[in-house]
$ cat structure-v1.txt   # compact mmCIF, C-alpha atoms and all ligand atoms
# COMPACT_ATOMS: atom_id res chain seq x y z
CA MET A 1 124.33 42.55 108.24
CA THR A 2 125.06 46.24 107.87
CA LYS A 3 128.15 47.16 105.90
CA GLN A 4 131.31 48.30 107.65
CA VAL A 5 132.01 51.99 107.22
CA ILE A 6 135.01 53.62 105.57
CA LEU A 7 135.10 57.30 106.44
CA THR A 8 137.12 59.98 104.74
CA GLY A 9 137.05 63.77 104.81
CA ILE A 10 138.50 66.66 102.83
CA ARG A 11 139.04 70.12 104.20
CA SER A 12 138.34 73.03 101.88
CA ASN A 13 140.85 75.81 102.26
CA GLU A 14 142.89 76.76 99.15
CA GLU A 15 142.40 76.07 95.42
CA PRO A 16 143.50 72.47 94.78
CA THR A 17 146.44 71.59 92.54
CA LEU A 18 147.29 68.92 90.02
CA ALA A 19 149.12 67.17 92.88
CA ASN A 20 145.95 67.07 94.98
CA TYR A 21 144.14 65.60 91.97
CA LEU A 22 146.73 62.87 91.39
CA GLY A 23 147.55 62.25 95.06
CA ALA A 24 144.13 62.52 96.67
CA PHE A 25 141.16 62.83 94.31
CA VAL A 26 142.08 59.97 91.98
CA PRO A 27 142.88 57.55 94.86
CA MET A 28 139.57 58.45 96.52
CA VAL A 29 137.69 57.67 93.31
CA GLU A 30 139.63 54.40 92.99
CA MET A 31 138.71 53.56 96.56
CA GLN A 32 135.04 54.02 95.72
CA LYS A 33 135.39 51.72 92.71
CA LYS A 34 137.19 49.10 94.77
CA PHE A 35 135.16 49.10 97.98
CA ALA A 36 131.60 50.25 97.17
CA GLY A 37 129.36 47.20 97.20
CA LYS A 38 131.20 45.67 100.13
CA TYR A 39 131.53 48.71 102.38
CA GLN A 40 129.64 51.89 103.08
CA ILE A 41 131.70 54.94 102.14
CA ASN A 42 131.17 58.15 104.10
CA MET A 43 132.83 61.05 102.33
CA PHE A 44 132.31 64.31 104.13
CA VAL A 45 133.57 67.84 104.16
CA PRO A 46 134.58 68.76 107.70
CA ASP A 47 133.41 72.33 107.31
CA LEU A 48 133.51 72.91 111.08
CA HIS A 49 137.18 71.97 111.00
CA SER A 50 137.96 74.54 108.32
CA PHE A 51 138.32 77.53 110.63
CA THR A 52 140.45 76.12 113.42
CA THR A 53 142.95 78.48 111.78
CA PRO A 54 141.86 81.80 110.19
CA ILE A 55 140.17 81.64 106.75
CA ASP A 56 138.08 83.89 104.51
CA HIS A 57 134.58 83.07 105.76
CA SER A 58 132.86 84.81 102.86
CA THR A 59 133.91 81.99 100.51
CA LEU A 60 133.56 79.01 102.86
CA TYR A 61 130.08 77.90 101.85
CA GLN A 62 130.80 77.98 98.11
CA ASN A 63 134.30 76.50 98.52
CA THR A 64 132.78 73.53 100.29
CA LEU A 65 130.49 72.88 97.33
CA ASN A 66 133.31 73.47 94.83
CA ASN A 67 135.51 71.01 96.62
CA LEU A 68 132.90 68.31 96.27
CA LYS A 69 132.51 69.19 92.60
CA TYR A 70 136.24 68.56 92.11
CA PHE A 71 135.73 65.03 93.36
CA VAL A 72 132.79 64.49 91.06
CA ALA A 73 134.78 65.92 88.14
CA SER A 74 137.55 63.46 89.10
CA GLY A 75 135.13 60.58 88.61
CA LEU A 76 133.40 60.11 91.98
CA ASP A 77 130.01 58.53 91.36
CA MET A 78 127.57 60.70 93.30
CA ASN A 79 124.72 58.28 92.75
CA ASN A 80 126.43 55.18 94.10
CA SER A 81 124.08 53.82 96.73
CA ASP A 82 126.91 52.85 99.14
CA THR A 83 128.43 56.33 99.05
CA PHE A 84 127.22 59.16 101.26
CA ILE A 85 128.59 62.65 100.73
CA TYR A 86 127.73 65.20 103.38
CA ARG A 87 128.75 68.35 105.18
CA GLN A 88 129.67 67.99 108.82
CA SER A 89 127.80 71.07 110.01
CA PHE A 90 124.57 69.75 108.48
CA VAL A 91 124.64 66.87 110.96
CA PRO A 92 124.47 68.65 114.35
CA ALA A 93 125.21 65.43 116.27
CA HIS A 94 128.92 65.98 115.43
CA SER A 95 129.03 69.07 117.62
CA GLU A 96 126.89 67.58 120.34
CA LEU A 97 128.92 64.39 120.67
CA THR A 98 132.10 66.48 120.72
CA TRP A 99 130.99 68.19 123.92
CA ILE A 100 130.18 64.92 125.64
CA LEU A 101 133.49 63.37 124.55
CA ASP A 102 135.32 66.51 125.73
CA CYS A 103 134.30 65.62 129.25
CA PHE A 104 135.95 62.20 128.94
CA THR A 105 139.14 63.44 127.31
CA TYR A 106 142.08 64.54 129.41
CA PHE A 107 143.83 67.86 129.01
CA GLY A 108 147.14 66.07 129.47
CA GLU A 109 146.66 63.63 126.57
CA MET A 110 145.43 66.40 124.28
CA SER A 111 148.46 68.52 125.15
CA ARG A 112 150.66 65.82 123.64
CA MET A 113 149.16 66.16 120.13
CA THR A 114 152.12 67.07 117.94
CA GLN A 115 150.01 68.69 115.21
CA PHE A 116 148.64 71.18 117.74
CA LYS A 117 152.16 71.92 118.94
CA GLU A 118 153.35 72.49 115.36
CA LYS A 119 150.38 74.53 114.17
CA SER A 120 150.20 76.65 117.31
CA SER A 121 153.91 77.43 117.34
CA ASP A 122 153.66 79.66 114.25
CA GLN A 123 150.59 81.52 115.44
CA ASN A 124 151.10 82.66 119.01
CA ASP A 125 148.21 84.94 120.01
CA SER A 126 145.64 83.63 117.57
CA VAL A 127 145.76 79.99 118.74
CA THR A 128 142.15 79.04 119.38
CA VAL A 129 140.55 76.49 121.68
CA GLY A 130 139.09 75.06 118.45
CA LEU A 131 142.56 74.23 117.15
CA PHE A 132 143.38 72.51 120.43
CA ASN A 133 140.09 70.65 120.56
CA TYR A 134 139.69 69.55 116.96
CA PRO A 135 140.92 65.97 117.48
CA VAL A 136 137.86 65.44 119.71
CA LEU A 137 135.59 66.69 116.91
CA MET A 138 137.45 64.28 114.64
CA ALA A 139 136.79 61.47 117.13
CA ALA A 140 133.08 62.36 117.01
CA ASP A 141 133.18 62.35 113.17
CA ILE A 142 134.43 58.77 113.26
CA LEU A 143 132.55 57.31 116.24
CA LEU A 144 129.09 58.58 115.25
CA TYR A 145 129.05 56.19 112.30
CA GLY A 146 131.00 53.33 113.83
CA ALA A 147 133.64 53.75 111.12
CA LYS A 148 136.19 50.93 111.09
CA TYR A 149 138.48 52.40 108.45
CA VAL A 150 139.61 56.01 108.16
CA PRO A 151 142.20 56.49 105.41
CA VAL A 152 144.45 59.29 106.66
CA GLY A 153 148.02 60.36 106.19
CA GLU A 154 150.65 59.75 108.80
CA ASP A 155 150.10 63.27 110.15
CA GLN A 156 146.70 62.09 111.43
CA PHE A 157 147.76 58.82 113.08
CA GLN A 158 147.97 60.37 116.53
CA HIS A 159 144.42 61.68 116.22
CA LEU A 160 143.18 58.26 115.23
CA GLU A 161 144.92 56.78 118.27
CA ILE A 162 143.31 59.29 120.62
CA THR A 163 139.93 58.44 119.05
CA ARG A 164 140.54 54.79 119.94
CA ASP A 165 141.61 55.76 123.46
CA ILE A 166 138.55 57.96 124.08
CA ALA A 167 136.15 55.31 122.70
CA THR A 168 137.76 52.51 124.70
CA ARG A 169 137.65 54.56 127.89
CA PHE A 170 133.99 55.40 127.32
CA ASN A 171 133.08 51.76 126.61
CA ASN A 172 134.93 50.62 129.73
CA LYS A 173 133.01 53.09 131.88
CA PHE A 174 129.54 52.78 130.33
CA GLY A 175 129.49 49.46 128.46
CA GLU A 176 129.81 48.81 124.71
CA THR A 177 128.67 52.03 123.06
CA PHE A 178 131.20 52.76 120.34
CA VAL A 179 132.73 50.66 117.57
CA ILE A 180 136.50 51.02 117.93
CA PRO A 181 138.20 52.00 114.65
CA GLU A 182 141.01 49.75 113.45
CA SER A 183 144.58 50.48 114.54
CA THR A 184 146.67 52.65 112.26
CA SER A 185 148.71 49.67 111.08
CA ALA A 186 145.55 47.72 110.19
CA GLN A 187 144.27 50.83 108.38
CA THR A 188 147.42 51.17 106.35
CA GLN A 189 147.31 47.51 105.37
CA PHE A 190 143.65 47.68 104.42
CA ILE A 191 143.78 50.82 102.33
CA ASN A 192 147.34 50.56 101.07
CA ARG A 193 146.87 53.82 99.26
CA ASP A 194 149.65 55.92 100.68
CA SER A 195 152.04 54.50 98.14
CA GLY A 196 154.13 57.62 98.37
CA LEU A 197 153.06 59.60 95.33
CA ARG A 198 154.69 62.97 95.73
CA ILE A 199 154.34 65.41 92.85
CA ARG A 200 157.12 67.98 92.98
CA SER A 201 157.03 71.76 92.91
CA LEU A 202 157.67 73.04 89.38
CA THR A 203 160.08 75.73 90.55
CA ASN A 204 161.88 73.76 93.26
CA PRO A 205 161.64 70.03 92.50
CA ALA A 206 163.33 69.17 95.78
CA LYS A 207 160.03 70.13 97.42
CA LYS A 208 156.53 68.83 96.88
CA MET A 209 153.85 70.79 95.05
CA SER A 210 151.63 72.44 97.72
CA LYS A 211 148.39 74.30 97.30
CA SER A 212 149.31 76.78 100.03
CA SER A 213 152.61 77.76 98.38
CA THR A 214 152.80 81.49 97.67
CA ASP A 215 154.93 80.80 94.58
CA ASP A 216 152.26 80.64 91.86
CA LYS A 217 154.63 79.17 89.30
CA SER A 218 155.35 76.17 91.52
CA LYS A 219 151.88 74.69 91.13
CA ILE A 220 149.34 73.87 88.44
CA LEU A 221 145.90 74.78 89.73
CA LEU A 222 142.88 72.83 88.55
CA VAL A 223 141.36 76.20 87.58
CA ASP A 224 144.38 77.33 85.51
CA THR A 225 143.73 78.46 81.93
CA PRO A 226 145.58 76.58 79.15
CA GLU A 227 147.95 79.55 78.75
CA GLU A 228 148.77 79.69 82.47
CA ALA A 229 149.36 75.94 82.69
CA LYS A 230 151.50 75.87 79.55
CA GLN A 231 153.58 78.80 80.72
CA LYS A 232 154.24 77.16 84.10
CA ILE A 233 155.36 73.90 82.48
CA MET A 234 157.59 75.70 79.96
CA SER A 235 159.32 77.62 82.76
CA ALA A 236 159.62 74.61 85.11
CA THR A 237 163.05 74.19 86.69
CA THR A 238 165.09 71.40 85.10
CA ASP A 239 168.90 70.88 85.14
CA SER A 240 172.10 71.31 83.16
CA VAL A 241 172.62 67.61 82.41
CA GLY A 242 171.43 68.15 78.86
CA ALA A 243 169.76 64.79 78.27
CA ILE A 244 166.54 63.31 79.64
CA HIS A 245 166.86 60.49 82.19
CA PHE A 246 164.38 59.24 84.80
CA ASP A 247 166.57 60.01 87.80
CA TRP A 248 165.08 61.48 90.99
CA GLU A 249 168.53 62.00 92.47
CA ASN A 250 170.20 64.07 89.77
CA GLN A 251 167.31 65.27 87.60
CA PRO A 252 164.29 65.68 89.87
CA GLY A 253 162.68 68.39 87.70
CA ILE A 254 162.79 66.35 84.48
CA THR A 255 161.84 63.18 86.37
CA SER A 256 158.82 64.88 87.91
CA LEU A 257 157.68 65.99 84.46
CA LEU A 258 158.13 62.42 83.16
CA GLN A 259 155.95 61.27 86.05
CA ILE A 260 153.21 63.82 85.31
CA LEU A 261 153.34 62.81 81.63
CA ALA A 262 152.88 59.12 82.46
CA LEU A 263 150.13 59.66 85.04
CA LEU A 264 148.06 61.99 82.86
CA SER A 265 148.49 60.05 79.64
CA GLY A 266 147.66 56.75 81.37
CA LYS A 267 150.79 55.09 79.96
CA PRO A 268 153.17 52.95 82.04
CA GLN A 269 156.04 55.03 83.43
CA ALA A 270 158.58 52.71 81.78
CA ASP A 271 157.10 53.31 78.31
CA VAL A 272 157.17 57.09 78.74
CA ASN A 273 160.75 56.94 80.05
CA ALA A 274 161.86 54.76 77.12
CA GLU A 275 160.28 57.18 74.68
CA TRP A 276 162.29 60.16 76.01
CA GLU A 277 165.47 58.50 77.35
CA GLY A 278 168.58 60.39 76.26
CA ASN A 279 166.66 63.06 74.31
CA ASP A 280 168.42 66.44 74.58
CA LYS A 281 165.52 68.62 73.48
CA TYR A 282 164.10 69.82 76.79
CA GLY A 283 161.86 72.36 74.99
CA THR A 284 160.22 69.69 72.85
CA PHE A 285 159.77 67.52 75.93
CA LYS A 286 158.19 70.34 77.93
CA ASN A 287 155.85 71.05 75.02
CA ALA A 288 154.72 67.42 75.10
CA VAL A 289 154.10 67.60 78.86
CA ALA A 290 152.28 70.92 78.50
CA GLU A 291 150.04 69.39 75.85
CA VAL A 292 148.83 66.55 78.08
CA VAL A 293 148.37 68.90 81.03
CA VAL A 294 146.38 71.37 78.94
CA ASN A 295 144.22 68.57 77.49
CA PHE A 296 143.64 67.15 80.94
CA LEU A 297 142.62 70.54 82.34
CA ALA A 298 140.25 71.20 79.45
CA GLU A 299 138.47 67.87 80.00
CA PHE A 300 138.47 68.25 83.77
CA GLN A 301 137.12 71.80 83.67
CA ALA A 302 134.41 70.79 81.18
CA ARG A 303 133.28 68.01 83.53
CA TYR A 304 133.41 70.42 86.47
CA LYS A 305 131.22 72.98 84.68
CA MET A 306 128.56 70.35 84.00
CA ILE A 307 127.92 69.84 87.72
CA THR A 308 125.37 72.28 89.02
CA ASP A 309 125.06 73.44 92.61
CA GLU A 310 121.45 72.24 92.51
CA GLU A 311 122.19 68.59 91.69
CA LEU A 312 125.06 68.50 94.17
CA VAL A 313 122.94 70.01 96.94
CA ALA A 314 120.13 67.53 96.16
CA LYS A 315 122.55 64.62 96.65
CA LEU A 316 124.01 66.23 99.77
CA GLU A 317 120.60 66.74 101.32
CA ALA A 318 119.61 63.12 100.69
CA SER A 319 122.88 61.90 102.24
CA GLU A 320 122.59 64.33 105.13
CA ALA A 321 119.09 63.06 105.97
CA ALA A 322 120.43 59.49 106.12
CA MET A 323 123.49 60.57 108.13
CA ASN A 324 121.36 62.49 110.64
CA THR A 325 119.37 59.31 111.26
CA ALA A 326 122.51 57.21 111.72
CA ALA A 327 124.35 59.79 113.83
CA ASN A 328 121.35 60.54 116.06
CA LYS A 329 121.02 56.85 116.84
CA THR A 330 124.60 56.74 118.17
CA LEU A 331 124.11 60.03 119.96
CA LEU A 332 121.02 58.68 121.74
CA ASP A 333 122.99 55.62 122.89
CA VAL A 334 125.60 57.98 124.30
CA GLN A 335 123.02 60.24 125.94
CA ARG A 336 121.47 57.17 127.58
CA ALA A 337 124.86 55.92 128.68
CA VAL A 338 125.80 59.17 130.43
CA GLY A 339 122.34 59.63 131.98
CA LEU A 340 121.01 62.49 129.85
CA ARG A 341 118.16 60.27 128.63
CA PRO A 342 116.36 57.39 130.37
CA LYS A 343 117.78 53.93 129.71
CA ALA A 344 116.11 52.07 126.83
P1 LIG A 401 148.77 72.62 101.99
O1 LIG A 401 149.89 73.35 101.32
O2 LIG A 401 147.61 73.51 102.40
O3 LIG A 401 149.21 71.66 103.06
P2 LIG A 401 148.58 70.43 100.14
O4 LIG A 401 148.69 70.68 98.67
O5 LIG A 401 149.75 69.84 100.84
O6 LIG A 401 148.12 71.77 100.81
P3 LIG A 401 146.71 68.96 101.71
O7 LIG A 401 145.38 69.61 101.96
O8 LIG A 401 147.73 68.99 102.79
O9 LIG A 401 147.31 69.55 100.35
O10 LIG A 401 146.46 67.47 101.28
C1 LIG A 401 145.34 67.11 100.48
C2 LIG A 401 145.63 65.78 99.83
O11 LIG A 401 146.54 65.99 98.72
C3 LIG A 401 146.31 64.75 100.73
O12 LIG A 401 145.71 63.49 100.50
C4 LIG A 401 147.74 64.74 100.28
O13 LIG A 401 148.34 63.47 100.45
C5 LIG A 401 147.63 65.08 98.79
N1 LIG A 401 148.83 65.77 98.32
C6 LIG A 401 149.25 66.99 98.71
N2 LIG A 401 150.39 67.34 98.06
C7 LIG A 401 150.72 66.29 97.25
C8 LIG A 401 151.78 66.06 96.33
N3 LIG A 401 152.71 66.96 96.11
N4 LIG A 401 151.79 64.89 95.65
C9 LIG A 401 150.82 63.96 95.86
N5 LIG A 401 149.79 64.13 96.72
C10 LIG A 401 149.71 65.28 97.41
MG MG A 402 149.74 69.59 103.03

$ encode --input "structure-v1.txt" --output "structure tokens" --more "lines below"
Ligand code: ATP
Ligand code: MG
Amino acid sequence: MTKQVILTGIRSNEEPTLANYLGAFVPMVEMQKKFAGKYQINMFVPDLHSFTTPIDHSTLYQNTLNNLKYFVASGLDMNNSDTFIYRQSFVPAHSELTWILDCFTYFGEMSRMTQFKEKSSDQNDSVTVGLFNYPVLMAADILLYGAKYVPVGEDQFQHLEITRDIATRFNNKFGETFVIPESTSAQTQFINRDSGLRIRSLTNPAKKMSKSSTDDKSKILLVDTPEEAKQKIMSATTDSVGAIHFDWENQPGITSLLQILALLSGKPQADVNAEWEGNDKYGTFKNAVAEVVVNFLAEFQARYKMITDEELVAKLEASEAAMNTAANKTLLDVQRAVGLRPKA
């Protein structure tokens, strides 16, 4: 029996942060460790999705490769035989299936997508048809491989539901063609990875750390030098309580630093908290946090530098060949179903 498919994608837009590492890269690597062997894991960069809103196109190609290198530097095993890493635009069936699905997707249902409403409301004139249509491309991304599980955040639930609707409608009209992905509740239960890790902004700990923030001091970038990282930690916003307590309510800045310290040092949170509880030397504490962050970055960046474009591209090309075969098979079924090709 062929293995069920888990499919997950990462967009490459801005430089990733320590929060992206802890909240996304590490869980993805853990998912590979947990599920490879039993499931096939499709990890792709949706490069065609990356310019639904304006970007700098001169860096897109390299950013896509760099993004994948971040995952490898985070521990993703490129050579795992159940894991396929690929770029969407290198598998043309994604675009072709999108067009066919477009013709079985209603304008009315697409107009209800809340993410389109939110993203288009701050852009006015520059809202593209691509931004409106991207959930159909996402449906194609999933349906081409018969993916059962698609670990996404809550912001993507609606797009997963429309994928199920489009696939069900198509199957009802033309007979069983697509595997229907699991419902969002079944997905959440299966993956159980959105356990709510939320690394805070260093300058405003009421907010989360975000890679698109224009406040450079709010975020540790994975490309930061030791000096930059240390300086950001030392100037992180804390409080006037005067003693260290793990307390999200009253001391979110200190608490966030305690969390970073525990996660990066691999110690249980309770042990780290016990070590610092009641200590009034915020400077000493920040120095300790800065030290683990700087050490982490040094190791991470060393691993990152070891990965060459050549070896990454070799793995991508091998995966992309396999994905073209798999995707073209589904596409042919669809082409037969709609009458573009003779029936088998
Ligand atoms: P942007 O500001 O562009 O939205 P972002 O930093 O929020 O960037 P996303 O691209 O939206 O990053 O999300 C990438 C991944 O990083 C997601 O899996 C998301 O859950 C995770 N992530 C983002 N911010 C945090 C955070 N502060 N703590 C933990 N995980 C995070
Ligand atoms: Mg975000």

$ residues_around --input "structure-v1.txt" --residues "stretch 251-255 of chain A" --least-positions-apart "2" --cutoff "8 Å" --atoms "only C-alpha atoms" --output "compact mmCIF listing (two decimals) with C-alpha atoms, keeping the file's coordinate frame"
# COMPACT_ATOMS: atom_id res chain seq x y z
CA ARG A 200 157.12 67.98 92.98
CA LEU A 202 157.67 73.04 89.38
CA ASN A 204 161.88 73.76 93.26
CA PRO A 205 161.64 70.03 92.50
CA ALA A 206 163.33 69.17 95.78
CA ALA A 236 159.62 74.61 85.11
CA THR A 237 163.05 74.19 86.69
CA THR A 238 165.09 71.40 85.10
CA ASP A 239 168.90 70.88 85.14
CA VAL A 241 172.62 67.61 82.41
CA ILE A 244 166.54 63.31 79.64
CA HIS A 245 166.86 60.49 82.19
CA PHE A 246 164.38 59.24 84.80
CA ASP A 247 166.57 60.01 87.80
CA TRP A 248 165.08 61.48 90.99
CA GLU A 249 168.53 62.00 92.47
CA LEU A 257 157.68 65.99 84.46
CA LEU A 258 158.13 62.42 83.16
CA GLN A 259 155.95 61.27 86.05

$ closest_residue --input "structure-v1.txt" --among "A:Asp82, A:Glu154, A:Glu227, A:Glu96" --to "ligand LIG 401 (chain A)" --atoms "only C-alpha atoms and all ligand atoms"
A:Glu154

$ residues_near_ligand --input "structure-v1.txt" --ligand "ligand LIG 401 (chain A)" --cutoff "7 Å" --atoms "only C-alpha atoms and all ligand atoms" --output "ChimeraX atom specification"
/A:11,14,16-17,19-20,22-24,153,197-200,208-213

$ residues_around --input "structure-v1.txt" --residues "A:Asn171" --least-positions-apart "3" --cutoff "12 Å" --atoms "only C-alpha atoms" --output "list in words"
Leu101, Phe104, Leu143, Arg164, Asp165, Ile166, Ala167, Thr168, Phe174, Gly175, Glu176, Thr177, Phe178, Val179, Ile180, Asp333, Val334, Ala337 and Val338 of chain A

$ residues_around --input "structure-v1.txt" --residues "stretch 316-323 of chain A" --least-positions-apart "4" --cutoff "6 Å" --atoms "all atoms listed in the file" --output "compact mmCIF listing (two decimals) with C-alpha atoms, in the coordinates of the input"
# COMPACT_ATOMS: atom_id res chain seq x y z
CA PHE A 84 127.22 59.16 101.26
CA ILE A 85 128.59 62.65 100.73
CA TYR A 86 127.73 65.20 103.38
CA ALA A 327 124.35 59.79 113.83

$ residues_around --input "structure-v1.txt" --residues "A:Val152" --least-positions-apart "2" --cutoff "9 Å" --atoms "all atoms listed in the file" --output "PDB file with C-alpha atoms, in the coordinates of the input"
ATOM      1  CA  THR A   8     137.120  59.980 104.740  1.00  0.00           C
ATOM      2  CA  GLY A   9     137.050  63.770 104.810  1.00  0.00           C
ATOM      3  CA  VAL A 150     139.610  56.010 108.160  1.00  0.00           C
ATOM      4  CA  GLU A 154     150.650  59.750 108.800  1.00  0.00           C
ATOM      5  CA  ASP A 155     150.100  63.270 110.150  1.00  0.00           C
ATOM      6  CA  GLN A 156     146.700  62.090 111.430  1.00  0.00           C
ATOM      7  CA  PHE A 157     147.760  58.820 113.080  1.00  0.00           C
ATOM      8  CA  LEU A 160     143.180  58.260 115.230  1.00  0.00           C
ATOM      9  CA  THR A 184     146.670  52.650 112.260  1.00  0.00           C
ATOM     10  CA  GLN A 187     144.270  50.830 108.380  1.00  0.00           C
ATOM     11  CA  THR A 188     147.420  51.170 106.350  1.00  0.00           C
ATOM     12  CA  ASP A 194     149.650  55.920 100.680  1.00  0.00           C
TER      13      ASP A 194
END

$ atom_distance --input "structure-v1.txt" --atom1 "atom CA of A:Ala36" --atom2 "atom CA of A:Leu222"
26.7 Å

$ build_atoms --input "structure-v1.txt" --residues "stretch 332-339 of chain A" --atoms "all heavy atoms" --output "compact mmCIF listing (two decimals), in the coordinates of the input"
# COMPACT_ATOMS: atom_id res chain seq x y z
N LEU A 332 121.99 59.08 120.72
CA LEU A 332 121.02 58.68 121.74
C LEU A 332 121.60 57.60 122.66
O LEU A 332 121.42 57.65 123.88
CB LEU A 332 119.72 58.20 121.07
CG LEU A 332 118.58 57.80 122.02
CD1 LEU A 332 118.15 58.96 122.91
CD2 LEU A 332 117.37 57.27 121.21
N ASP A 333 122.33 56.65 122.07
CA ASP A 333 122.99 55.62 122.89
C ASP A 333 123.93 56.27 123.90
O ASP A 333 124.00 55.87 125.06
CB ASP A 333 123.82 54.66 122.01
CG ASP A 333 122.95 53.74 121.18
OD1 ASP A 333 121.75 53.60 121.50
OD2 ASP A 333 123.48 53.15 120.21
N VAL A 334 124.64 57.29 123.43
CA VAL A 334 125.60 57.98 124.30
C VAL A 334 124.86 58.77 125.38
O VAL A 334 125.21 58.74 126.56
CB VAL A 334 126.52 58.92 123.46
CG1 VAL A 334 127.41 59.76 124.35
CG2 VAL A 334 127.35 58.10 122.48
N GLN A 335 123.81 59.45 124.97
CA GLN A 335 123.02 60.24 125.94
C GLN A 335 122.43 59.33 127.02
O GLN A 335 122.40 59.68 128.20
CB GLN A 335 121.91 61.00 125.20
CG GLN A 335 122.45 62.15 124.36
CD GLN A 335 121.39 62.74 123.44
OE1 GLN A 335 120.53 62.02 122.92
NE2 GLN A 335 121.46 64.04 123.20
N ARG A 336 122.00 58.14 126.60
CA ARG A 336 121.47 57.17 127.58
C ARG A 336 122.59 56.70 128.50
O ARG A 336 122.40 56.60 129.72
CB ARG A 336 120.87 55.96 126.86
CG ARG A 336 119.51 56.26 126.26
CD ARG A 336 118.97 55.03 125.55
NE ARG A 336 117.59 55.23 125.15
CZ ARG A 336 117.05 54.75 124.03
NH1 ARG A 336 117.79 54.03 123.20
NH2 ARG A 336 115.80 54.97 123.75
N ALA A 337 123.74 56.44 127.90
CA ALA A 337 124.86 55.92 128.68
C ALA A 337 125.27 56.91 129.77
O ALA A 337 125.53 56.52 130.91
CB ALA A 337 126.05 55.61 127.76
N VAL A 338 125.31 58.20 129.44
CA VAL A 338 125.80 59.17 130.43
C VAL A 338 124.67 59.70 131.32
O VAL A 338 124.92 60.54 132.20
CB VAL A 338 126.55 60.36 129.77
CG1 VAL A 338 127.76 59.87 128.99
CG2 VAL A 338 125.63 61.21 128.89
N GLY A 339 123.44 59.25 131.09
CA GLY A 339 122.34 59.63 131.98
C GLY A 339 121.56 60.85 131.56
O GLY A 339 120.75 61.38 132.33
